[in-house]
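Structure file run-v2.txt; described as compact mmCIF, C-alpha atoms and all ligand atoms.
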# COMPACT_ATOMS: atom_id res chain seq x y z
CA MET A 1 106.34 95.50 142.30
CA GLU A 2 110.08 95.57 142.11
CA THR A 3 110.81 99.18 141.31
CA GLU A 4 114.58 98.65 141.07
CA ASN A 5 114.07 95.95 138.49
CA MET A 6 111.74 98.13 136.40
CA ILE A 7 114.12 101.08 136.52
CA GLU A 8 116.94 98.85 135.32
CA LYS A 9 114.82 97.57 132.42
CA VAL A 10 113.86 101.11 131.41
CA GLU A 11 117.53 102.13 131.59
CA ASN A 12 118.37 99.28 129.18
CA ILE A 13 115.72 100.45 126.72
CA ILE A 14 116.92 104.06 126.94
CA ASN A 15 120.50 103.02 126.19
CA LYS A 16 119.52 100.99 123.12
CA ASP A 17 120.71 102.11 119.69
CA GLU A 18 117.17 102.76 118.49
CA ASP A 19 115.25 105.87 117.46
CA LEU A 20 113.28 107.85 120.05
CA GLU A 21 109.88 106.57 118.95
CA THR A 22 110.94 102.91 119.25
CA ARG A 23 112.42 103.43 122.71
CA LEU A 24 109.33 105.27 123.99
CA LYS A 25 107.07 102.53 122.59
CA ASP A 26 109.25 99.86 124.22
CA ILE A 27 108.89 101.61 127.59
CA CYS A 28 105.08 101.58 127.12
CA LEU A 29 105.20 97.88 126.24
CA LEU A 30 107.33 97.07 129.28
CA LEU A 31 105.07 98.89 131.76
CA ASN A 32 101.89 97.47 130.19
CA LYS A 33 103.23 93.92 130.19
CA GLU A 34 104.94 93.81 133.58
CA LEU A 35 102.59 95.79 135.78
CA ASN A 36 99.13 94.62 136.59
CA GLY A 37 96.45 97.22 135.82
CA TYR A 38 98.66 99.43 133.64
CA ASP A 39 96.04 99.01 130.92
CA TRP A 40 96.77 102.04 128.72
CA VAL A 41 100.31 103.42 128.77
CA GLY A 42 101.36 106.34 126.61
CA PHE A 43 103.44 109.44 126.12
CA TYR A 44 102.22 112.93 125.26
CA LEU A 45 104.87 115.33 123.99
CA VAL A 46 104.57 119.13 124.03
CA GLU A 47 104.52 120.56 120.51
CA ASP A 48 103.59 124.18 119.77
CA GLY A 49 102.22 124.65 123.28
CA GLU A 50 99.89 121.64 123.31
CA LEU A 51 100.14 117.98 124.34
CA VAL A 52 100.39 115.72 121.30
CA LEU A 53 99.93 111.96 121.57
CA GLY A 54 103.16 110.03 121.03
CA PRO A 55 103.86 106.30 121.31
CA TYR A 56 101.32 104.32 123.34
CA ILE A 57 99.98 100.85 124.08
CA GLY A 58 96.27 100.22 124.51
CA GLU A 59 93.06 101.19 122.81
CA PRO A 60 93.24 104.05 120.27
CA THR A 61 92.11 107.39 121.70
CA ASP A 62 90.38 110.43 120.18
CA HIS A 63 92.43 112.67 122.47
CA THR A 64 95.48 113.13 120.27
CA ASN A 65 95.86 116.86 121.00
CA ILE A 66 95.20 118.27 124.47
CA ASP A 67 95.52 121.89 125.63
CA PHE A 68 97.23 122.75 128.92
CA GLY A 69 94.49 122.87 131.59
CA GLU A 70 92.24 120.46 129.70
CA GLY A 71 91.53 117.01 131.20
CA VAL A 72 93.77 115.21 133.66
CA CYS A 73 96.69 115.41 131.22
CA GLY A 74 96.33 119.15 130.67
CA GLN A 75 95.92 119.84 134.40
CA ALA A 76 99.13 117.92 135.23
CA ALA A 77 100.98 119.93 132.57
CA GLU A 78 99.60 123.25 133.83
CA ARG A 79 100.27 122.49 137.51
CA GLU A 80 103.69 121.02 136.68
CA GLU A 81 103.10 118.09 139.00
CA THR A 82 101.95 114.49 139.00
CA PHE A 83 98.17 114.10 138.97
CA LEU A 84 96.73 110.94 140.46
CA VAL A 85 93.00 110.25 140.05
CA ASP A 86 91.59 107.34 142.08
CA ASP A 87 88.15 107.47 140.46
CA VAL A 88 87.87 109.20 137.10
CA LYS A 89 84.06 109.40 137.45
CA GLN A 90 84.57 111.86 140.31
CA GLU A 91 86.89 114.11 138.28
CA GLY A 92 84.97 116.91 136.56
CA ASN A 93 87.80 117.96 134.24
CA TYR A 94 88.41 114.57 132.62
CA LEU A 95 88.63 113.41 129.01
CA SER A 96 87.36 109.85 128.66
CA CYS A 97 89.20 107.51 126.34
CA SER A 98 87.33 104.36 127.26
CA PRO A 99 84.39 103.57 129.58
CA LYS A 100 86.54 100.79 131.09
CA VAL A 101 88.95 103.26 132.71
CA GLU A 102 88.55 103.73 136.47
CA SER A 103 91.77 105.44 137.60
CA GLU A 104 94.61 107.41 136.02
CA ILE A 105 98.06 108.81 136.76
CA VAL A 106 99.79 111.50 134.73
CA VAL A 107 103.46 112.29 135.37
CA PRO A 108 105.03 115.35 133.72
CA ILE A 109 108.44 115.12 132.05
CA PHE A 110 110.57 118.20 132.68
CA LYS A 111 113.44 119.86 130.91
CA GLU A 112 113.18 122.99 133.06
CA GLU A 113 109.60 123.27 131.78
CA VAL A 114 107.12 120.52 130.94
CA VAL A 115 108.11 118.86 127.64
CA GLY A 116 105.86 115.84 127.86
CA GLU A 117 104.12 113.37 130.13
CA ILE A 118 103.62 109.72 130.87
CA ASP A 119 99.93 108.86 131.07
CA ILE A 120 98.61 105.58 132.50
CA ASP A 121 94.99 104.45 132.68
CA SER A 122 93.75 101.51 134.72
CA HIS A 123 90.56 99.48 134.61
CA LYS A 124 90.93 99.15 138.40
CA LYS A 125 89.78 101.85 140.80
CA ALA A 126 92.55 103.55 142.81
CA ARG A 127 95.20 101.46 141.08
CA PHE A 128 98.04 103.96 141.51
CA GLU A 129 99.90 104.53 144.77
CA GLU A 130 102.93 106.42 145.99
CA GLU A 131 105.17 103.58 144.87
CA ASP A 132 103.89 103.92 141.29
CA GLN A 133 104.28 107.69 141.43
CA ASN A 134 107.90 107.45 142.64
CA MET A 135 108.82 104.90 139.99
CA LEU A 136 107.14 106.84 137.17
CA GLU A 137 108.73 110.12 138.25
CA GLU A 138 112.12 108.41 138.11
CA ILE A 139 111.32 107.06 134.63
CA ALA A 140 110.19 110.54 133.54
CA GLU A 141 113.58 111.95 134.59
CA MET A 142 115.34 109.26 132.58
CA VAL A 143 113.18 109.90 129.51
CA ALA A 144 113.81 113.68 129.75
CA LYS A 145 117.45 113.01 128.90
CA ILE A 146 116.57 111.56 125.48
CA LEU A 147 113.92 114.13 124.47
N1 LIG A 201 92.10 110.84 130.35
C1 LIG A 201 93.01 111.82 129.83
C2 LIG A 201 93.01 111.84 128.32
C3 LIG A 201 94.01 110.93 127.73
S1 LIG A 201 93.51 109.32 127.70
O1 LIG A 201 93.52 108.82 129.09
C4 LIG A 201 94.52 108.38 126.82
C5 LIG A 201 92.65 113.18 130.38
O2 LIG A 201 91.65 113.36 131.07
O3 LIG A 201 93.42 114.12 130.10
Structure rendered as structure tokens:
Amino acid sequence: METENMIEKVENIINKDEDLETRLKDICLLLNKELNGYDWVGFYLVEDGELVLGPYIGEPTDHTNIDFGEGVCGQAAEREETFLVDDVKQEGNYLSCSPKVESEIVVPIFKEEVVGEIDIDSHKKARFEEEDQNMLEEIAEMVAKIL
């Protein structure tokens, strides 16, 4: 994975003269298309104290509204840190979107407090590593500037 290259592509999307929704969806499309095993890529945005599903790529999910503390997404928001799950079957506090999912990474987006997150599901076990975390945290910082 060429992180530099991905960061540059995300930067280009962020600087486009498009509305927020289009740019967030384009970032999802980019990550899903370019990175192997990024099978579901989406944004949750904090609205009225809960996580609300925003633009995404992948199968539709029932989990459109998630409380802080609930599931992997809610735990990442509550702890205010990236949550990496190598095997979702071993995670007790997990909300399943599809039986195909094996691993997940959730990266909070901060504007002083958590204002949203990037959520990625993979059909491969232990798909996400430190390199993915670093890249996604950098993307989250870039996205924070347009929220
Ligand atoms: N698995 C997440 C729910 C969101 S779906 O992955 C799209 C969770 O446990 O919070």
Query raised in the report: What is the atom CA of A:Asp121 to atom CA of A:Glu47 distance in Å?
Result: 22.3 Å
Report task. Measure the distance from atom CA of A:Asp87 to atom CA of A:Asp132 in Å and round it to one decimal. Result ->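 Atom-to-atom, atom CA of A:Asp87 and atom CA of A:Asp132 are spaced 16.2 Å apart.
For ligand LIG 201 (chain A), the neighbouring polymer residues at 6 Å or closer are Thr61, His63, Gly71, Val72, Cys73, Gly74, Tyr94, Leu95, Ser96, Cys97 and Asp121 of chain A, all atoms listed in the file being used.
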**Report entry** One-decimal distance in Å that lies between atom CA of A:Ile27 and atom CA of A:Glu78
**Finding:**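 Separation of atom CA of A:Glu78 and atom CA of A:Ile27: 24.4 Å.
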Query raised in the report: Which one of A:Val115, A:Phe128, A:Arg79, A:Ile109 sits closest to A:Glu141 if you count all atoms listed in the file?
Result: A:Ile109
Report task. Have a look at A:Leu24, A:Leu35, A:Ile66, A:Leu51 and name the one nearest to A:Met135; count all atoms listed in the file. Result ->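 Closest candidate: A:Leu35.
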Requested in this report: Excluding A:Val114 and any residue of its chain fewer than 6 positions from it, enumerate the residues within 8 Å of it, using all atoms listed in the file, and give them as a PyMOL selection string.
Outcome: chain A and resi 46+77+80+108
